[in-house]
Structure formats: C-alpha cells, structure tokens
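Enquirer: Just passing along the structure, written as structure tokens.
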Amino acid sequence: MRRVEHNVMSVIEEIERLKGASISMEINKGRKKIEKYQGIIENVYPSIFTVNIGDGKNPLSYSYTEVLCGDVVISEIKEG
C-alpha cells in the first residue's frame with residue numbers, strides 16, 4: 001500500500017510560503033509532453049494560485065490538486 005506523504009493543506013502552505021519568490025515549474029501535459037517555465041507566484045486563492053511567467057500575457061493558474069498529483073512540479077530558484 002502506498003503511503004500519502006502530503007495533503008492539500010500542506011501544498012497550500014508551501015505555495016503560500018513561495019508567494020513572491022522566483023520558481024521553476026514543470027507542467028505535465030500528457031503523452032510525454034512537458035512544458036517548463038520560470039516565474040513568480042503572484043496570488044494565492046482558496047482553490048487556485050496564479051503564476052506570472054513574464055511574457056506580457058495573463059498569468060497562468062493552477063489548482064493545488066495538480067501539484068499534489070504531480071502534474072505540476074514547482075521548485076524554488078535560490079538566489080545565489
């Protein structure tokens with residue numbers, strides 16, 4: 001049996017901690033298609049969060065369950 005190590009509340013807390021920080025994202029679009037972005041988490045809402053990737057378009061939005069399921073992988077970019 002698989003043990004669940006994270007829940008939605010821990011994902012929300014981690015996203016709130018990263019708000020305003022530079023992040024790297026990998027989005028699984030299915031069929032071995034993975035998109036990679038760098039951006040900043042702009043807003044955190046009860047069901048979704050938004051990421052500004054700096055291309056002048058509207059921010060991208062993702063749900064916390066997408067992060068929990070592994071469809072969206074977020075890593076903080078450490079300023080060195």
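Each chain in the structure tokens gets a letter, A, B and so on, in the order shown; residues start at 1 in every chain, and ligands are counted from 1 in the order they appear.
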Please provide as a ChimeraX atom specification all residues within 9 Å of Ile74 of chain A, with the sequence filter that same-chain residues fewer than 4 positions apart are discarded (counting only C-alpha atoms).

Expert: /A:15,23-27,67

Enquirer: Could you give me the residues within chain A that DSSP places in helix (DSSP H, G or I), as a list in words?

Expert: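 Answer for chain A, restricted to helix (DSSP H, G or I): Val8, Met9, Ser10, Val11, Ile12, Glu13, Glu14, Ile15, Glu16, Arg17, Leu18, Tyr64, Thr65, Glu66, Val67, Leu68 and Cys69 of chain A.
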
Enquirer: Emit the selected residues as a PDB file, in the first residue's frame, including N, CA and C atoms.

Expert:
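Dumped everything to again-v1.pdb:
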ATOM      1  N   VAL A   8      -3.576  18.303   0.741  1.00  0.00           N
ATOM      2  CA  VAL A   8      -3.834  19.580   0.086  1.00  0.00           C
ATOM      3  C   VAL A   8      -3.419  20.751   0.973  1.00  0.00           C
ATOM      4  N   MET A   9      -3.642  20.650   2.267  1.00  0.00           N
ATOM      5  CA  MET A   9      -3.283  21.753   3.168  1.00  0.00           C
ATOM      6  C   MET A   9      -1.780  21.990   3.185  1.00  0.00           C
ATOM      7  N   SER A  10      -0.970  20.941   3.143  1.00  0.00           N
ATOM      8  CA  SER A  10       0.476  21.135   3.128  1.00  0.00           C
ATOM      9  C   SER A  10       0.924  21.756   1.805  1.00  0.00           C
ATOM     10  N   VAL A  11       0.247  21.419   0.708  1.00  0.00           N
ATOM     11  CA  VAL A  11       0.561  22.031  -0.590  1.00  0.00           C
ATOM     12  C   VAL A  11       0.213  23.511  -0.558  1.00  0.00           C
ATOM     13  N   ILE A  12      -0.956  23.858  -0.026  1.00  0.00           N
ATOM     14  CA  ILE A  12      -1.367  25.265   0.060  1.00  0.00           C
ATOM     15  C   ILE A  12      -0.374  26.055   0.912  1.00  0.00           C
ATOM     16  N   GLU A  13       0.052  25.506   2.029  1.00  0.00           N
ATOM     17  CA  GLU A  13       1.014  26.190   2.895  1.00  0.00           C
ATOM     18  C   GLU A  13       2.341  26.416   2.175  1.00  0.00           C
ATOM     19  N   GLU A  14       2.792  25.427   1.411  1.00  0.00           N
ATOM     20  CA  GLU A  14       4.055  25.561   0.675  1.00  0.00           C
ATOM     21  C   GLU A  14       3.938  26.625  -0.418  1.00  0.00           C
ATOM     22  N   ILE A  15       2.814  26.659  -1.135  1.00  0.00           N
ATOM     23  CA  ILE A  15       2.599  27.663  -2.177  1.00  0.00           C
ATOM     24  C   ILE A  15       2.537  29.052  -1.555  1.00  0.00           C
ATOM     25  N   GLU A  16       1.862  29.187  -0.416  1.00  0.00           N
ATOM     26  CA  GLU A  16       1.810  30.483   0.273  1.00  0.00           C
ATOM     27  C   GLU A  16       3.204  30.931   0.692  1.00  0.00           C
ATOM     28  N   ARG A  17       4.037  29.986   1.117  1.00  0.00           N
ATOM     29  CA  ARG A  17       5.411  30.315   1.508  1.00  0.00           C
ATOM     30  C   ARG A  17       6.210  30.818   0.306  1.00  0.00           C
ATOM     31  N   LEU A  18       5.929  30.274  -0.867  1.00  0.00           N
ATOM     32  CA  LEU A  18       6.663  30.645  -2.084  1.00  0.00           C
ATOM     33  C   LEU A  18       6.098  31.877  -2.788  1.00  0.00           C
ATOM     34  N   TYR A  64      -4.286  23.380  -6.558  1.00  0.00           N
ATOM     35  CA  TYR A  64      -3.399  22.713  -5.610  1.00  0.00           C
ATOM     36  C   TYR A  64      -3.383  21.205  -5.843  1.00  0.00           C
ATOM     37  N   THR A  65      -4.492  20.654  -6.336  1.00  0.00           N
ATOM     38  CA  THR A  65      -4.535  19.218  -6.599  1.00  0.00           C
ATOM     39  C   THR A  65      -3.618  18.829  -7.753  1.00  0.00           C
ATOM     40  N   GLU A  66      -3.387  19.746  -8.696  1.00  0.00           N
ATOM     41  CA  GLU A  66      -2.437  19.466  -9.777  1.00  0.00           C
ATOM     42  C   GLU A  66      -1.022  19.302  -9.212  1.00  0.00           C
ATOM     43  N   VAL A  67      -0.700  20.078  -8.205  1.00  0.00           N
ATOM     44  CA  VAL A  67       0.608  19.955  -7.548  1.00  0.00           C
ATOM     45  C   VAL A  67       0.647  18.662  -6.734  1.00  0.00           C
ATOM     46  N   LEU A  68      -0.427  18.389  -6.019  1.00  0.00           N
ATOM     47  CA  LEU A  68      -0.497  17.196  -5.181  1.00  0.00           C
ATOM     48  C   LEU A  68      -0.373  15.916  -6.008  1.00  0.00           C
ATOM     49  N   CYS A  69      -0.987  15.899  -7.192  1.00  0.00           N
ATOM     50  CA  CYS A  69      -0.950  14.711  -8.069  1.00  0.00           C
ATOM     51  C   CYS A  69       0.343  14.603  -8.870  1.00  0.00           C
TER      52      CYS A  69
END

Enquirer: Step one, run DSSP on the backbone; step two, keep only residues of chain A assigned to strand (DSSP E); then write them as a PyMOL selection string.

Expert: chain A and resi 22-30+33-44+48-52+60-63+72-76

Enquirer: Using atom CA of Asn58 of chain A and atom CA of Glu35 of chain A as the two end points, give the distance in Å to one decimal.

Expert: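 Computing the Euclidean distance for atom CA of Asn58 of chain A and atom CA of Glu35 of chain A yields 17.0 Å.
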
Enquirer: As an exercise, work out the distance from atom CA of Val44 of chain A to atom CA of Lys78 of chain A in Å and give it to one decimal place.

Expert: 20.7 Å

Enquirer: May I ask for the distance between atom CA of Val51 of chain A and atom CA of Gly30 of chain A, given in Å to one decimal place?

Expert: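 One can read the atom CA of Val51 of chain A to atom CA of Gly30 of chain A distance as 20.5 Å.
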
Enquirer: Residues within 7 Å of Ile53 of chain A, please, as a ChimeraX atom specification. Count only C-alpha atoms; anything in the same chain fewer than 2 positions from it doesn't count.

Expert: /A:37-40,51,55,59

Enquirer: So that I can see what lies close to Tyr62 of chain A, please list as a PDB file with N, CA, C and O atoms, in the first residue's frame the residues with an atom at most 7 Å from it, counting only C-alpha atoms and leaving out residues fewer than 4 positions away in the same chain.

Expert:
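To be explicit, this is the file written out as result28.pdb:
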ATOM      1  N   ILE A  48      -7.085  27.931  -6.207  1.00  0.00           N
ATOM      2  CA  ILE A  48      -6.035  28.010  -7.231  1.00  0.00           C
ATOM      3  C   ILE A  48      -4.953  28.989  -6.806  1.00  0.00           C
ATOM      4  O   ILE A  48      -5.120  29.738  -5.846  1.00  0.00           O
ATOM      5  N   PHE A  49      -3.848  28.991  -7.564  1.00  0.00           N
ATOM      6  CA  PHE A  49      -2.816  30.013  -7.425  1.00  0.00           C
ATOM      7  C   PHE A  49      -2.414  30.442  -8.824  1.00  0.00           C
ATOM      8  O   PHE A  49      -2.598  29.707  -9.790  1.00  0.00           O
ATOM      9  N   THR A  50      -1.899  31.670  -8.936  1.00  0.00           N
ATOM     10  CA  THR A  50      -1.511  32.195 -10.243  1.00  0.00           C
ATOM     11  C   THR A  50      -0.009  32.436 -10.288  1.00  0.00           C
ATOM     12  O   THR A  50       0.607  32.787  -9.282  1.00  0.00           O
ATOM     13  N   GLU A  66      -3.387  19.746  -8.696  1.00  0.00           N
ATOM     14  CA  GLU A  66      -2.437  19.466  -9.777  1.00  0.00           C
ATOM     15  C   GLU A  66      -1.022  19.302  -9.212  1.00  0.00           C
ATOM     16  O   GLU A  66      -0.254  18.473  -9.696  1.00  0.00           O
TER      17      GLU A  66
END

Enquirer: For Ala21 of chain A, which residue among A:Ile77, A:Ile34, A:Leu60, A:Val72 is the nearest when counting only C-alpha atoms?

Expert: A:Ile77

Enquirer: Looking at only C-alpha atoms, which of A:Lys33, A:Ile41, A:Gly54, A:Pro46 is the one that sits closest to Lys19 of chain A?

Expert: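 Closest candidate: A:Ile41.
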
Enquirer: Find, counting only C-alpha atoms, the residue in A:His6, A:Lys57, A:Asn43, A:Asp71 that gets nearest to Lys29 of chain A.

Expert: A:Asp71
